[in-house]
Amino acid sequence: MSDFTIHLSRLQKNMRRNKNTSLDTTVTNFILLGLSHPPNLRTLLFLVFFIIYILTQLGNLLILLTVWADPKLHARPMYILLGVLSFLDMWLSSVIVPRIILSFTPASKSISFGGCVAQLYFFHFLGSTQCFLYTLMAYDRYLAICQPLRYPLLMNGRLCTILVSGAWVAGSIHGSIQATLTFRLPYCGPNQVDYFFCDIPAVLRLACADTTVNELVTFVDIGVVAASCFILILLSYGNIVHAILKIRTADGRRRAVSTCGSHLTVVTVYYVPCIFIYLRPGSKSPLDGAVAVFYTVVTPLLNPLIYTLRNQEVKSALKRITAGRGTVNENK
């Protein structure tokens, strides 16, 4: 046998061995490293995030039930959108926060490959749906304040339902695209995700292939879309501010500013961190985790607080429901 044949045979054996090794080391689970924290603060952080999660669920459930129970609210598009937002916040918080809470316990930080796919999909599905919903809420406020006489024709319950359904469908498509593109890549180790949940930038760092296309799609599909929605919202509120300045009565101005101010506050807290993270696809900044906490943990908590404390109609509805129950109890 010639030297060339021997060399070729050895090369083929090495290729088969490398292929088998690659298959043997295919990642079947990931380790979520969680948020960086001093060990002595573990118990405190566990309690903080646990309380935040409970308050988020209760607060959003309260808004959802209030909108559903009060006839004056669930007949108006603005509060239909608010109810959908509360529903989204409850699920978005449930996708992320329990994993954060577990990271402060001795429990395993492991998440299965399928679990990681599901978490990434549902996070981007719910998050992008919320992104589109904020834009719809801004458009609704624009019509209500800038086109008050035509508002019942331009925004009614049927159209609102169609727009919300469209936001859900678009969010589902977005989540599917991102999950498919991210997990079509090979993952052959290491499997430690330096983040507190399975998100695209953190998972892509572990891929055993070129991620240039994924980073470009992430930049366009998430960063640019989020930035575009944010710009549309700002344009809507620019027109709203112009219209508010034309309102002659102080009470009319106060009500318009109160309604729009709460929405704009939530939108800013949600969009700015999203744009900061997803318009920098190759970033490995330690600030990314802290910034992500704002739109994954803080925003779902703030929504019920802002919309109940700053919105007079929601507070009035709560009083009516409470008074109605009090009357029923007295009659019993």
# chains A, B, ... in the order shown; residues from 1 in each chain; ligands from 1
$ residues_around --residues "Arg99 (chain A)" --least-positions-apart "4" --cutoff "8 Å" --atoms "only C-alpha atoms" --output "PDB file with N, CA, C and O atoms, in the first residue's frame"
ATOM      1  N   VAL A  95     -43.198  33.773  31.550  1.00  0.00           N
ATOM      2  CA  VAL A  95     -42.182  33.131  30.715  1.00  0.00           C
ATOM      3  C   VAL A  95     -40.778  33.384  31.259  1.00  0.00           C
ATOM      4  O   VAL A  95     -39.900  32.531  31.158  1.00  0.00           O
ATOM      5  N   SER A 103     -33.084  30.860  39.764  1.00  0.00           N
ATOM      6  CA  SER A 103     -31.626  31.046  39.712  1.00  0.00           C
ATOM      7  C   SER A 103     -31.058  31.469  41.066  1.00  0.00           C
ATOM      8  O   SER A 103     -29.851  31.384  41.285  1.00  0.00           O
ATOM      9  N   PHE A 196     -30.085  35.509  31.815  1.00  0.00           N
ATOM     10  CA  PHE A 196     -31.062  34.943  32.753  1.00  0.00           C
ATOM     11  C   PHE A 196     -32.231  34.258  32.045  1.00  0.00           C
ATOM     12  O   PHE A 196     -33.127  33.725  32.691  1.00  0.00           O
ATOM     13  N   PHE A 197     -32.239  34.277  30.705  1.00  0.00           N
ATOM     14  CA  PHE A 197     -33.201  33.482  29.948  1.00  0.00           C
ATOM     15  C   PHE A 197     -32.650  33.255  28.549  1.00  0.00           C
ATOM     16  O   PHE A 197     -31.628  33.832  28.161  1.00  0.00           O
TER      17      PHE A 197
END
$ atom_distance --atom1 "CA of Thr322 (chain A)" --atom2 "CA of Lys72 (chain A)"
15.1 Å
$ closest_atom_pairs --of "region 200-267 of chain A" --to "region 142-157 of chain A" --cutoff "8 Å" --atoms "only C-alpha atoms" --output "tab-separated table"
residue	atom	partner	partner_atom	distance
A:Ser236	CA	A:Tyr142	CA	5.8
A:Tyr237	CA	A:Tyr142	CA	7.0
A:Asn239	CA	A:Tyr142	CA	7.2
A:Ile240	CA	A:Tyr142	CA	5.8
A:Ala243	CA	A:Cys146	CA	5.9
A:Ile244	CA	A:Ile145	CA	7.7
A:Ala256	CA	A:Ile145	CA	7.5
$ write_last_selection --atoms "all heavy atoms" --output "short mmCIF file (atom, residue, chain, number, x, y, z; two decimals), in the first residue's frame"
data_model
loop_
_atom_site.label_atom_id
_atom_site.label_comp_id
_atom_site.auth_asym_id
_atom_site.auth_seq_id
_atom_site.Cartn_x
_atom_site.Cartn_y
_atom_site.Cartn_z
N SER A 236 -47.37 59.93 16.60
CA SER A 236 -48.75 60.02 17.09
C SER A 236 -48.84 60.99 18.25
O SER A 236 -49.75 61.83 18.30
CB SER A 236 -49.25 58.63 17.52
OG SER A 236 -49.31 57.74 16.43
N TYR A 237 -47.89 60.89 19.17
CA TYR A 237 -47.94 61.77 20.34
C TYR A 237 -47.52 63.19 20.02
O TYR A 237 -47.92 64.13 20.70
CB TYR A 237 -47.10 61.18 21.47
CG TYR A 237 -47.86 60.11 22.22
CD1 TYR A 237 -47.62 58.76 21.99
CD2 TYR A 237 -48.87 60.45 23.10
CE1 TYR A 237 -48.35 57.79 22.64
CE2 TYR A 237 -49.61 59.49 23.75
CZ TYR A 237 -49.34 58.16 23.52
OH TYR A 237 -50.09 57.20 24.16
N ASN A 239 -48.52 64.70 17.29
CA ASN A 239 -49.81 65.25 16.86
C ASN A 239 -50.76 65.45 18.03
O ASN A 239 -51.54 66.41 18.07
CB ASN A 239 -50.46 64.32 15.82
CG ASN A 239 -49.75 64.37 14.48
OD1 ASN A 239 -49.47 65.43 13.96
ND2 ASN A 239 -49.47 63.21 13.92
N ILE A 240 -50.69 64.54 19.01
CA ILE A 240 -51.55 64.65 20.18
C ILE A 240 -51.20 65.89 20.99
O ILE A 240 -52.08 66.65 21.44
CB ILE A 240 -51.44 63.38 21.05
CG1 ILE A 240 -52.13 62.20 20.36
CG2 ILE A 240 -52.04 63.60 22.44
CD1 ILE A 240 -51.91 60.87 21.02
N ALA A 243 -52.53 68.87 19.37
CA ALA A 243 -53.98 68.98 19.57
C ALA A 243 -54.31 69.42 21.00
O ALA A 243 -55.25 70.21 21.21
CB ALA A 243 -54.65 67.65 19.26
N ILE A 244 -53.54 68.93 21.98
CA ILE A 244 -53.78 69.28 23.39
C ILE A 244 -53.60 70.78 23.60
O ILE A 244 -54.34 71.41 24.36
CB ILE A 244 -52.86 68.48 24.32
CG1 ILE A 244 -53.30 67.01 24.38
CG2 ILE A 244 -52.83 69.07 25.73
CD1 ILE A 244 -52.37 66.11 25.16
N ALA A 256 -56.53 64.74 28.92
CA ALA A 256 -55.76 64.27 27.77
C ALA A 256 -54.33 63.95 28.16
O ALA A 256 -53.77 62.92 27.78
CB ALA A 256 -55.79 65.32 26.66
#
$ atom_distance --atom1 "CA of Pro273 (chain A)" --atom2 "CA of Val293 (chain A)"
8.9 Å
$ residues_around --residues "His74 (chain A)" --least-positions-apart "6" --cutoff "10 Å" --atoms "only C-alpha atoms" --output "JSON, numbers by chain"
{"A": [64, 66, 67, 68, 80, 81, 82, 83, 157]}
$ decode --residues "region 95-178 of chain A" --atoms "C-alpha atoms" --output "CSV table (one decimal), in the first residue's frame"
chain,number,residue,atom,x,y,z
A,95,VAL,CA,-42.2,33.1,30.7
A,96,ILE,CA,-39.2,35.0,32.3
A,97,VAL,CA,-39.5,35.7,36.0
A,98,PRO,CA,-40.0,32.2,37.4
A,99,ARG,CA,-36.6,31.2,35.8
A,100,ILE,CA,-35.0,34.3,37.5
A,101,ILE,CA,-36.4,33.3,40.8
A,102,LEU,CA,-35.1,29.7,40.4
A,103,SER,CA,-31.6,31.0,39.7
A,104,PHE,CA,-31.5,32.3,43.3
A,105,THR,CA,-32.2,28.9,44.7
A,106,PRO,CA,-30.1,25.7,44.9
A,107,ALA,CA,-32.3,24.2,42.2
A,108,SER,CA,-30.6,23.2,38.9
A,109,LYS,CA,-30.1,26.0,36.5
A,110,SER,CA,-30.5,23.6,33.6
A,111,ILE,CA,-33.1,24.1,30.9
A,112,SER,CA,-33.7,21.5,28.2
A,113,PHE,CA,-33.1,22.2,24.5
A,114,GLY,CA,-36.8,22.1,23.8
A,115,GLY,CA,-37.5,24.3,26.9
A,116,CYS,CA,-35.0,26.9,25.6
A,117,VAL,CA,-36.7,26.9,22.2
A,118,ALA,CA,-40.1,27.3,23.8
A,119,GLN,CA,-38.9,30.2,26.0
A,120,LEU,CA,-37.3,32.0,23.2
A,121,TYR,CA,-40.3,31.6,21.0
A,122,PHE,CA,-42.9,32.7,23.6
A,123,PHE,CA,-40.8,35.6,24.7
A,124,HIS,CA,-40.5,37.0,21.2
A,125,PHE,CA,-44.1,36.1,20.3
A,126,LEU,CA,-45.5,37.9,23.3
A,127,GLY,CA,-42.9,40.7,23.3
A,128,SER,CA,-43.5,41.6,19.6
A,129,THR,CA,-47.3,41.4,20.0
A,130,GLN,CA,-46.9,43.8,22.9
A,131,CYS,CA,-44.8,46.0,20.7
A,132,PHE,CA,-47.5,46.2,18.0
A,133,LEU,CA,-50.2,46.7,20.7
A,134,TYR,CA,-48.4,49.8,22.0
A,135,THR,CA,-48.5,51.2,18.5
A,136,LEU,CA,-52.2,50.5,18.2
A,137,MET,CA,-52.8,52.2,21.6
A,138,ALA,CA,-51.0,55.3,20.4
A,139,TYR,CA,-53.0,55.3,17.2
A,140,ASP,CA,-56.2,54.9,19.2
A,141,ARG,CA,-55.3,57.9,21.4
A,142,TYR,CA,-54.4,59.9,18.3
A,143,LEU,CA,-57.8,59.3,16.8
A,144,ALA,CA,-59.6,60.0,20.1
A,145,ILE,CA,-57.9,63.3,20.7
A,146,CYS,CA,-57.2,64.6,17.1
A,147,GLN,CA,-60.3,63.2,15.4
A,148,PRO,CA,-62.9,63.2,18.2
A,149,LEU,CA,-66.0,63.6,16.0
A,150,ARG,CA,-64.9,60.8,13.6
A,151,TYR,CA,-63.5,58.5,16.4
A,152,PRO,CA,-66.6,56.2,16.7
A,153,LEU,CA,-66.4,55.6,13.0
A,154,LEU,CA,-62.6,55.2,12.7
A,155,MET,CA,-62.1,53.0,15.8
A,156,ASN,CA,-65.0,50.7,16.8
A,157,GLY,CA,-65.1,47.4,18.6
A,158,ARG,CA,-65.0,45.3,15.3
A,159,LEU,CA,-62.0,47.2,13.9
A,160,CYS,CA,-60.2,47.0,17.3
A,161,THR,CA,-60.7,43.2,17.4
A,162,ILE,CA,-59.3,42.9,13.8
A,163,LEU,CA,-56.3,45.0,14.7
A,164,VAL,CA,-55.6,43.1,17.9
A,165,SER,CA,-55.9,39.8,16.0
A,166,GLY,CA,-53.5,41.1,13.4
A,167,ALA,CA,-51.0,42.0,16.2
A,168,TRP,CA,-51.2,38.4,17.6
A,169,VAL,CA,-50.7,36.8,14.2
A,170,ALA,CA,-47.8,39.1,13.4
A,171,GLY,CA,-46.2,38.4,16.8
A,172,SER,CA,-46.6,34.6,16.3
A,173,ILE,CA,-44.9,34.8,12.9
A,174,HIS,CA,-42.1,36.9,14.3
A,175,GLY,CA,-41.5,34.4,17.2
A,176,SER,CA,-41.5,31.5,14.8
A,177,ILE,CA,-39.0,33.1,12.5
A,178,GLN,CA,-36.6,34.0,15.3
